Amino acid sequence: VMYAMKLGDEPKGYVEQALWSETIYPNSDDAYVWSSPVLGRSVSRDPDTNSSWVDDMVFIGITDVVSGGADNSRIVAFYTNQTRYTNNHVAWQYPPTRDYKSSDGSQFGTLYGSGAIDADGTLYWGTRCKGFAYRPYGKDRPSTCGEGGGNSTLVALNVSTGELEWKIDLAHGTSGTPLITDHFVYVMTYGELVSVHRTNTRNGTRGQIHGRGSLF
């Protein structure tokens with residue numbers, strides 16, 4: 001369940017008011033949130049009146065598995081305004097359920113690290129299909145991405161709609177939060193640092209790997 005609460009004045013920090021809650025996985029008893037929520041904003045528009053407004057949003061990465069052990073993780077975006085969105089705060093989820101491969105779930109990969117948002121309204125998030133085999137993590141999540149070609153990936157999503165802008169495969173997956181610079185996104189995998197073009201430049205296009213640096 002996702003809870004939104006208003007905290008009281010410091011230094012006590014008590015819960016002054018429960019604003020809203022949203023059930024995310026009503027039929028799952030094996031869903032986890034390993035990463036910290038990400039805060040962002042999007043521009044929404046009413047097609048009938050052509051009016052627009054800014055929505056505050058929160059993005060969370062949820063790890064889950066289906067009964068066969070295949071990965072069923074996803075990123076879920078919520079609107080935070082409890083007045084405008086009274087019945088449903090979910091803005092979108094990725095991957096969308098239409099992309100699921102039968103009983104193999106989302107095949108997206110475990111979301112150990114958090115996401116990062118750039119100034120252009122793109123959300124970057126990295127995944128890992130298998131559980132960790134290195135200390136200090138141990139093999140805490142042995143699930144795989146299932147049958148059908150699931151991979152550990154870095155995805156770039158539109159903050160407002162959740163639409164995929166691009167993605168790349170990460171051979172070993174990642175457990176960290178992407179680092180954003182002017183033209184690149186950096187992500188730490190196992191044994192190397194990978195840089196990806198965030199913008200189109202004369203040296204590369206968006207979503208193209210710029211370089212890799214081995215740490216060992």
# chains A, B, ... in the order shown; residues from 1 in each chain; ligands from 1
$ residues_around --residues "range 114-120 of chain A" --least-positions-apart "3" --cutoff "7 Å" --atoms "only C-alpha atoms" --output "ChimeraX atom specification"
/A:35-38,123-125,176-178,180
$ write_last_selection --atoms "all heavy atoms" --output "compact mmCIF listing (two decimals), in the first residue's frame"
# COMPACT_ATOMS: atom_id res chain seq x y z
N SER A 35 13.99 0.46 -3.01
CA SER A 35 14.60 1.76 -3.31
C SER A 35 13.79 2.90 -2.72
O SER A 35 12.61 2.75 -2.38
CB SER A 35 14.71 1.94 -4.83
OG SER A 35 13.43 1.81 -5.44
N SER A 36 14.43 4.07 -2.63
CA SER A 36 13.75 5.26 -2.12
C SER A 36 12.82 5.85 -3.18
O SER A 36 13.11 5.78 -4.38
CB SER A 36 14.77 6.33 -1.72
OG SER A 36 15.63 5.86 -0.71
N PRO A 37 11.69 6.43 -2.78
CA PRO A 37 10.80 7.10 -3.74
C PRO A 37 11.50 8.28 -4.41
O PRO A 37 12.42 8.87 -3.83
CB PRO A 37 9.62 7.57 -2.88
CG PRO A 37 9.69 6.74 -1.64
CD PRO A 37 11.15 6.45 -1.42
N VAL A 38 11.08 8.62 -5.61
CA VAL A 38 11.62 9.74 -6.35
C VAL A 38 10.52 10.78 -6.53
O VAL A 38 9.40 10.43 -6.94
CB VAL A 38 12.15 9.30 -7.74
CG1 VAL A 38 12.74 10.49 -8.49
CG2 VAL A 38 13.18 8.19 -7.58
N LEU A 123 12.74 10.19 -16.76
CA LEU A 123 13.06 9.39 -15.59
C LEU A 123 13.94 8.22 -16.01
O LEU A 123 13.59 7.47 -16.91
CB LEU A 123 11.77 8.87 -14.94
CG LEU A 123 11.91 7.83 -13.81
CD1 LEU A 123 12.57 8.46 -12.59
CD2 LEU A 123 10.54 7.26 -13.44
N TYR A 124 15.09 8.07 -15.34
CA TYR A 124 16.02 6.98 -15.64
C TYR A 124 16.03 6.00 -14.48
O TYR A 124 16.10 6.40 -13.32
CB TYR A 124 17.44 7.53 -15.86
CG TYR A 124 17.53 8.57 -16.93
CD1 TYR A 124 17.41 9.93 -16.61
CD2 TYR A 124 17.74 8.23 -18.27
CE1 TYR A 124 17.49 10.90 -17.59
CE2 TYR A 124 17.82 9.20 -19.26
CZ TYR A 124 17.69 10.54 -18.91
OH TYR A 124 17.76 11.51 -19.88
N TRP A 125 15.97 4.69 -14.81
CA TRP A 125 15.96 3.68 -13.75
C TRP A 125 16.64 2.42 -14.28
O TRP A 125 16.41 2.01 -15.41
CB TRP A 125 14.53 3.35 -13.34
CG TRP A 125 14.37 3.06 -11.87
CD1 TRP A 125 15.08 2.16 -11.12
CD2 TRP A 125 13.44 3.67 -10.96
NE1 TRP A 125 14.66 2.17 -9.81
CE2 TRP A 125 13.65 3.09 -9.69
CE3 TRP A 125 12.46 4.64 -11.10
CZ2 TRP A 125 12.92 3.45 -8.56
CZ3 TRP A 125 11.73 5.00 -9.98
CH2 TRP A 125 11.94 4.41 -8.72
N GLY A 176 22.37 0.50 -8.35
CA GLY A 176 22.57 1.89 -7.97
C GLY A 176 21.62 2.84 -8.67
O GLY A 176 20.87 2.46 -9.56
N THR A 177 21.67 4.10 -8.25
CA THR A 177 20.87 5.16 -8.85
C THR A 177 21.67 5.83 -9.96
O THR A 177 22.83 6.17 -9.76
CB THR A 177 20.49 6.21 -7.78
OG1 THR A 177 19.74 5.56 -6.75
CG2 THR A 177 19.68 7.33 -8.38
N PRO A 178 21.08 6.03 -11.15
CA PRO A 178 21.81 6.69 -12.24
C PRO A 178 22.24 8.11 -11.86
O PRO A 178 21.55 8.80 -11.11
CB PRO A 178 20.78 6.72 -13.37
CG PRO A 178 19.82 5.62 -13.06
CD PRO A 178 19.74 5.58 -11.56
N ILE A 180 23.12 11.83 -13.43
CA ILE A 180 22.82 12.62 -14.62
C ILE A 180 23.78 13.81 -14.72
O ILE A 180 24.00 14.52 -13.73
CB ILE A 180 21.37 13.14 -14.57
CG1 ILE A 180 20.39 11.96 -14.54
CG2 ILE A 180 21.07 14.04 -15.77
CD1 ILE A 180 18.97 12.38 -14.26
$ residues_around --residues "range 183-193 of chain A" --least-positions-apart "4" --cutoff "6 Å" --atoms "only C-alpha atoms" --output "PyMOL selection string"
chain A and resi 172-174+178-179+197-199+212-215
$ closest_residue --among "A:Ile60, A:Val66, A:Ala171, A:Val43" --to "Tyr94 in chain A" --atoms "only C-alpha atoms"
A:Ile60
$ residues_around --residues "Tyr85 in chain A" --least-positions-apart "3" --cutoff "12 Å" --atoms "only C-alpha atoms" --output "list of chain:residue names"
A:Leu19, A:Trp20, A:Ser21, A:Glu22, A:Asp55, A:Asp56, A:Met57, A:Phe78, A:Tyr79, A:Thr80, A:Asn81, A:Gln82, A:Asn88, A:His89, A:Val90, A:Ala91
$ residues_around --residues "Ile75 in chain A" --least-positions-apart "6" --cutoff "9 Å" --atoms "only C-alpha atoms" --output "list in words"
Phe59, Ile60, Gly61, Ile62, Thr63, Trp92, Gln93, Tyr94, Pro95, Leu111, Trp125 and Gly162 of chain A
$ closest_residue --among "A:Asp71, A:Val194, A:Val76, A:Arg84" --to "Leu157 in chain A" --atoms "only C-alpha atoms"
A:Val76
$ closest_residue --among "A:Ser152, A:Thr23, A:Ser195, A:Gln107" --to "Ser73 in chain A" --atoms "only C-alpha atoms"
A:Gln107
$ residues_around --residues "Thr153 in chain A" --least-positions-apart "2" --cutoff "8 Å" --atoms "only C-alpha atoms" --output "PyMOL selection string"
chain A and resi 108-109+126-128+151+155+167-170+173
$ write_last_selection --atoms "N, CA and C atoms" --output "PDB file, in the first residue's frame"
ATOM      1  N   PHE A 108      10.795  -7.330 -15.924  1.00  0.00           N
ATOM      2  CA  PHE A 108      11.466  -6.042 -15.941  1.00  0.00           C
ATOM      3  C   PHE A 108      12.793  -6.082 -15.191  1.00  0.00           C
ATOM      4  N   GLY A 109      12.858  -6.844 -14.100  1.00  0.00           N
ATOM      5  CA  GLY A 109      14.073  -6.911 -13.296  1.00  0.00           C
ATOM      6  C   GLY A 109      13.913  -6.194 -11.973  1.00  0.00           C
ATOM      7  N   GLY A 126      17.481   1.805 -13.448  1.00  0.00           N
ATOM      8  CA  GLY A 126      18.175   0.580 -13.826  1.00  0.00           C
ATOM      9  C   GLY A 126      17.649  -0.623 -13.072  1.00  0.00           C
ATOM     10  N   THR A 127      17.734  -1.811 -13.683  1.00  0.00           N
ATOM     11  CA  THR A 127      17.208  -3.029 -13.074  1.00  0.00           C
ATOM     12  C   THR A 127      18.247  -4.144 -13.109  1.00  0.00           C
ATOM     13  N   ARG A 128      17.943  -5.191 -12.378  1.00  0.00           N
ATOM     14  CA  ARG A 128      18.769  -6.398 -12.381  1.00  0.00           C
ATOM     15  C   ARG A 128      17.842  -7.592 -12.339  1.00  0.00           C
ATOM     16  N   ASN A 151      15.751  -8.877 -19.771  1.00  0.00           N
ATOM     17  CA  ASN A 151      17.132  -8.475 -19.554  1.00  0.00           C
ATOM     18  C   ASN A 151      17.228  -7.461 -18.428  1.00  0.00           C
ATOM     19  N   VAL A 155      16.373   2.083 -18.381  1.00  0.00           N
ATOM     20  CA  VAL A 155      15.280   2.636 -19.171  1.00  0.00           C
ATOM     21  C   VAL A 155      15.190   4.135 -18.971  1.00  0.00           C
ATOM     22  N   LYS A 167      15.860   2.369 -24.156  1.00  0.00           N
ATOM     23  CA  LYS A 167      16.417   1.485 -23.147  1.00  0.00           C
ATOM     24  C   LYS A 167      17.646   0.789 -23.714  1.00  0.00           C
ATOM     25  N   ILE A 168      18.548   0.378 -22.824  1.00  0.00           N
ATOM     26  CA  ILE A 168      19.721  -0.381 -23.212  1.00  0.00           C
ATOM     27  C   ILE A 168      19.860  -1.570 -22.267  1.00  0.00           C
ATOM     28  N   ASP A 169      20.476  -2.636 -22.759  1.00  0.00           N
ATOM     29  CA  ASP A 169      20.738  -3.804 -21.936  1.00  0.00           C
ATOM     30  C   ASP A 169      21.992  -3.588 -21.107  1.00  0.00           C
ATOM     31  N   LEU A 170      21.940  -4.029 -19.853  1.00  0.00           N
ATOM     32  CA  LEU A 170      23.094  -4.009 -18.963  1.00  0.00           C
ATOM     33  C   LEU A 170      23.434  -5.460 -18.650  1.00  0.00           C
ATOM     34  N   GLY A 173      23.434  -5.972 -14.931  1.00  0.00           N
ATOM     35  CA  GLY A 173      22.433  -5.280 -14.137  1.00  0.00           C
ATOM     36  C   GLY A 173      23.051  -4.253 -13.206  1.00  0.00           C
TER      37      GLY A 173
END
$ atom_distance --atom1 "CA of Asp64 in chain A" --atom2 "CA of Ala77 in chain A"
16.4 Å
$ atom_distance --atom1 "CA of Val65 in chain A" --atom2 "CA of Val33 in chain A"
12.6 Å
$ atom_distance --atom1 "CA of Ala31 in chain A" --atom2 "CA of Asn158 in chain A"
24.5 Å
